[in-house]
Amino acid sequence: MKEFIVDGHEASLLPDGNWKMVWNDEFDGTELDRTKWDYRLSMMGKRHPAWTDKGVQLDGKSNAVFSILLEDGRPVSSQLQTGYNFMDEPTVPTKFCGGALQWNIGKLKNNLYTHTFGYYECRCKFQQNPEGWWSAFWMQSPVIGASLDPAETGSELDIMEYFHPGKVAEHCIWTGGYGLDCKGASAGGMENLDTDAFHRVGMLWNENGYTFYIDGVENGHVDKYVSERPEFILISTEVKGYRNEDHLPVKEAFDIAGKDVFTVDYVRVFDAIKE
């Protein structure tokens, strides 16, 4: 790995080769750049009770700070995204060509940013109490699940997921949608990470698959389900429990609301320079 210097900010650690930065957010200032990010509020056609558009603040020190809030007595947090999954938006009653049919698709939106092959990196400091909520840095295709071909309609690319103290979960690739045809592969993962320090998590995505990195060290490779579809970036947090059968938040989330944070220093995207 080699350093890529960004003036006034922490350097990136990139795989060998020549690179150019094609998209980034250093989270400078005190207001989230809404030309780069939107809040994800719905999932699979329904408003998701775990998410809010108020759970991210810029601290004026080039960090985006995610936290748990209480809304109507419920612990909630935020997910940021640079694009949209066509299945997420809730359906609004319509009549196609005046008929009585109802297509189960909500309002479509223009993506803010999507990209394919390259190197994706996030520098972050994990939350101290992940038993109450989890964090992730990942990518998704706007049309994921619309076919069985990942090259055509994309895969979910889980670069980092943090569910338990000091442990980055296996990096996962999911394709075929989220129903009967869903299949996946995984690699890597790391335990005993310093929870008081910032860490760099990254993914090299090319025609040979996906290679993952933690703090500049290779941490697994998946050569299946290679997407050739432009995908959008997500930085997400979510209170645990809402996806369980009872759809109720875990007790730990109430205990740490307003007390725990997940901090992101930057997100950067690089293209390889062909010689």
# chains A, B, ... in the order shown; residues from 1 in each chain; ligands from 1
>>> select_by_dssp(residues="segment 28-221 of chain A", states="alpha helix (DSSP H)", output="list of chain:residue names")
A:Pro150, A:Ala151, A:Glu152, A:Thr153
>>> closest_atom_pairs(of="segment 36-136 of chain A", to="segment 159-183 of chain A", cutoff="12 Å", atoms="only C-alpha atoms", output="JSON lines")
{"residue": "A:Met43", "atom": "CA", "partner": "A:Tyr178", "partner_atom": "CA", "distance": 11.5}
{"residue": "A:Met44", "atom": "CA", "partner": "A:Tyr178", "partner_atom": "CA", "distance": 9.5}
{"residue": "A:Asn85", "atom": "CA", "partner": "A:Gly177", "partner_atom": "CA", "distance": 11.2}
{"residue": "A:Phe86", "atom": "CA", "partner": "A:Gly177", "partner_atom": "CA", "distance": 11.8}
{"residue": "A:Met87", "atom": "CA", "partner": "A:Gly177", "partner_atom": "CA", "distance": 10.1}
{"residue": "A:Tyr119", "atom": "CA", "partner": "A:Ile159", "partner_atom": "CA", "distance": 11.0}
{"residue": "A:Tyr120", "atom": "CA", "partner": "A:Ile159", "partner_atom": "CA", "distance": 8.7}
{"residue": "A:Glu121", "atom": "CA", "partner": "A:Ile159", "partner_atom": "CA", "distance": 8.9}
{"residue": "A:Cys122", "atom": "CA", "partner": "A:Met160", "partner_atom": "CA", "distance": 9.2}
{"residue": "A:Arg123", "atom": "CA", "partner": "A:Met160", "partner_atom": "CA", "distance": 10.9}
{"residue": "A:Cys124", "atom": "CA", "partner": "A:Met160", "partner_atom": "CA", "distance": 10.4}
{"residue": "A:Lys125", "atom": "CA", "partner": "A:Tyr162", "partner_atom": "CA", "distance": 10.7}
{"residue": "A:Phe126", "atom": "CA", "partner": "A:Tyr162", "partner_atom": "CA", "distance": 7.6}
{"residue": "A:Gln127", "atom": "CA", "partner": "A:Pro165", "partner_atom": "CA", "distance": 8.4}
{"residue": "A:Gln128", "atom": "CA", "partner": "A:Pro165", "partner_atom": "CA", "distance": 7.1}
{"residue": "A:Asn129", "atom": "CA", "partner": "A:Pro165", "partner_atom": "CA", "distance": 7.0}
{"residue": "A:Pro130", "atom": "CA", "partner": "A:His164", "partner_atom": "CA", "distance": 5.4}
{"residue": "A:Glu131", "atom": "CA", "partner": "A:His164", "partner_atom": "CA", "distance": 6.1}
{"residue": "A:Gly132", "atom": "CA", "partner": "A:Phe163", "partner_atom": "CA", "distance": 8.8}
{"residue": "A:Trp133", "atom": "CA", "partner": "A:Phe163", "partner_atom": "CA", "distance": 7.2}
{"residue": "A:Trp134", "atom": "CA", "partner": "A:Phe163", "partner_atom": "CA", "distance": 5.0}
{"residue": "A:Ser135", "atom": "CA", "partner": "A:Tyr162", "partner_atom": "CA", "distance": 5.3}
{"residue": "A:Ala136", "atom": "CA", "partner": "A:Glu161", "partner_atom": "CA", "distance": 4.3}
>>> closest_residue(among="A:Leu108, A:Ala187, A:Leu248, A:Ile144", to="Thr91 of chain A", atoms="only C-alpha atoms")
A:Leu108
>>> residues_around(residues="segment 256-258 of chain A", least_positions_apart="3", cutoff="7 Å", atoms="only C-alpha atoms", output="list in words")
Ser67, Ile68, Leu69, Leu70, Pro75, Glu252 and Ala253 of chain A
>>> residues_around(residues="Lys20 of chain A", least_positions_apart="4", cutoff="7 Å", atoms="only C-alpha atoms", output="list in words")
Phe270, Asp271, Ala272 and Ile273 of chain A
>>> write_last_selection(atoms="C-alpha atoms", output="mmCIF file, in the first residue's frame")
data_model
loop_
_atom_site.group_PDB
_atom_site.id
_atom_site.type_symbol
_atom_site.label_atom_id
_atom_site.label_comp_id
_atom_site.auth_asym_id
_atom_site.auth_seq_id
_atom_site.Cartn_x
_atom_site.Cartn_y
_atom_site.Cartn_z
ATOM 1 C CA PHE A 270 -10.240 6.394 -6.685
ATOM 2 C CA ASP A 271 -9.813 5.268 -10.278
ATOM 3 C CA ALA A 272 -6.731 3.417 -11.470
ATOM 4 C CA ILE A 273 -4.658 5.382 -13.968
#
>>> select_by_dssp(residues="segment 16-198 of chain A", states="strand (DSSP E)", output="PyMOL selection string")
chain A and resi 19-25+38-39+42-43+46-47+56-58+64-67+69-71+74-76+79-81+118-125+133-140+156-164+167-168+171-175+183-187
>>> write_last_selection(atoms="C-alpha atoms", output="compact mmCIF listing (two decimals), in the first residue's frame")
# COMPACT_ATOMS: atom_id res chain seq x y z
CA TRP A 19 -4.51 6.36 -8.74
CA LYS A 20 -6.57 9.50 -9.13
CA MET A 21 -9.28 10.60 -6.73
CA VAL A 22 -12.61 10.96 -8.57
CA TRP A 23 -15.04 11.60 -5.69
CA ASN A 24 -14.70 12.40 -2.01
CA ASP A 25 -16.22 14.02 1.01
CA ASP A 38 -29.28 11.93 1.05
CA TYR A 39 -30.83 10.15 4.01
CA SER A 42 -37.29 3.56 3.64
CA MET A 43 -36.48 -0.07 2.88
CA LYS A 46 -41.86 0.78 3.59
CA ARG A 47 -40.79 3.61 5.86
CA VAL A 56 -25.80 13.06 11.52
CA GLN A 57 -23.95 16.21 12.52
CA LEU A 58 -20.71 17.68 11.19
CA ALA A 64 -19.50 13.36 10.27
CA VAL A 65 -20.81 12.21 13.64
CA PHE A 66 -23.64 9.65 13.78
CA SER A 67 -25.62 9.21 16.99
CA LEU A 69 -31.70 9.92 18.99
CA LEU A 70 -35.02 9.38 20.71
CA GLU A 71 -38.00 10.22 18.47
CA ARG A 74 -38.03 5.31 20.09
CA PRO A 75 -34.24 5.11 19.58
CA VAL A 76 -33.36 5.86 15.93
CA GLN A 79 -28.13 6.15 7.07
CA LEU A 80 -26.51 8.28 4.34
CA GLN A 81 -26.52 7.29 0.68
CA GLY A 118 -12.15 1.50 -8.43
CA TYR A 119 -10.91 1.75 -4.86
CA TYR A 120 -13.33 2.84 -2.13
CA GLU A 121 -12.08 3.95 1.28
CA CYS A 122 -13.60 5.23 4.51
CA ARG A 123 -11.71 6.37 7.60
CA CYS A 124 -13.85 5.99 10.69
CA LYS A 125 -13.92 5.51 14.45
CA TRP A 133 -26.56 -0.45 17.21
CA TRP A 134 -24.41 -1.31 14.24
CA SER A 135 -22.51 0.64 11.59
CA ALA A 136 -21.52 -0.12 8.00
CA PHE A 137 -19.77 1.19 4.89
CA TRP A 138 -21.17 -0.48 1.79
CA MET A 139 -22.50 -0.18 -1.76
CA GLN A 140 -25.70 -1.14 -3.51
CA GLU A 156 -24.56 -5.62 -2.48
CA LEU A 157 -20.94 -4.94 -1.49
CA ASP A 158 -20.42 -4.92 2.28
CA ILE A 159 -17.02 -3.30 2.79
CA MET A 160 -17.36 -2.90 6.56
CA GLU A 161 -19.95 -3.99 9.09
CA TYR A 162 -19.44 -3.51 12.81
CA PHE A 163 -21.78 -5.42 15.11
CA HIS A 164 -19.61 -6.37 18.10
CA LYS A 167 -14.66 -6.81 15.48
CA VAL A 168 -15.20 -6.03 11.80
CA HIS A 171 -16.91 -8.70 4.12
CA CYS A 172 -19.97 -9.96 2.24
CA ILE A 173 -21.19 -9.91 -1.34
CA TRP A 174 -24.92 -10.49 -1.92
CA THR A 175 -26.65 -10.88 -5.27
CA LYS A 183 -26.94 -15.88 -2.61
CA GLY A 184 -23.68 -14.60 -1.27
CA ALA A 185 -20.00 -15.04 -0.54
CA SER A 186 -17.76 -13.65 2.18
CA ALA A 187 -14.12 -13.30 3.18
>>> residues_around(residues="Ser78 of chain A", least_positions_apart="5", cutoff="9 Å", atoms="only C-alpha atoms", output="list in words")
Tyr39, Arg40, Leu41, Ala50, Trp51, Thr52, Asp53, Lys54, Gly55, Val56, Phe66, Ser67, Ile68, Ile235, Ser236, Thr237 and Glu238 of chain A
>>> residues_around(residues="Tyr84 of chain A", least_positions_apart="2", cutoff="7 Å", atoms="only C-alpha atoms", output="list in words")
Phe86, Lys109, Asn111 and Pro142 of chain A
>>> write_last_selection(atoms="N, CA and C atoms", output="mmCIF file, in the first residue's frame")
data_model
loop_
_atom_site.group_PDB
_atom_site.id
_atom_site.type_symbol
_atom_site.label_atom_id
_atom_site.label_comp_id
_atom_site.auth_asym_id
_atom_site.auth_seq_id
_atom_site.Cartn_x
_atom_site.Cartn_y
_atom_site.Cartn_z
ATOM 1 N N PHE A 86 -34.357 1.146 -6.210
ATOM 2 C CA PHE A 86 -35.704 1.355 -6.737
ATOM 3 C C PHE A 86 -36.780 0.637 -5.925
ATOM 4 N N LYS A 109 -36.015 8.179 -8.219
ATOM 5 C CA LYS A 109 -35.206 9.374 -8.003
ATOM 6 C C LYS A 109 -33.908 9.274 -8.802
ATOM 7 N N ASN A 111 -30.005 9.386 -9.027
ATOM 8 C CA ASN A 111 -28.903 9.144 -8.104
ATOM 9 C C ASN A 111 -27.991 10.367 -8.031
ATOM 10 N N PRO A 142 -28.686 0.496 -7.801
ATOM 11 C CA PRO A 142 -30.046 1.018 -7.848
ATOM 12 C C PRO A 142 -31.072 -0.001 -8.341
#
>>> residues_around(residues="Phe117 of chain A", least_positions_apart="4", cutoff="9 Å", atoms="only C-alpha atoms", output="list in words")
Leu204, Trp205, Asn206, Glu207, Ser227, Glu228, Pro230, Phe270, Asp271 and Ala272 of chain A
>>> closest_residue(among="A:Tyr242, A:Gly29, A:Arg229, A:Phe262", to="Asp149 of chain A", atoms="only C-alpha atoms")
A:Arg229
>>> closest_residue(among="A:Val267, A:Val201, A:Ile214, A:Val226", to="Gly154 of chain A", atoms="only C-alpha atoms")
A:Val226
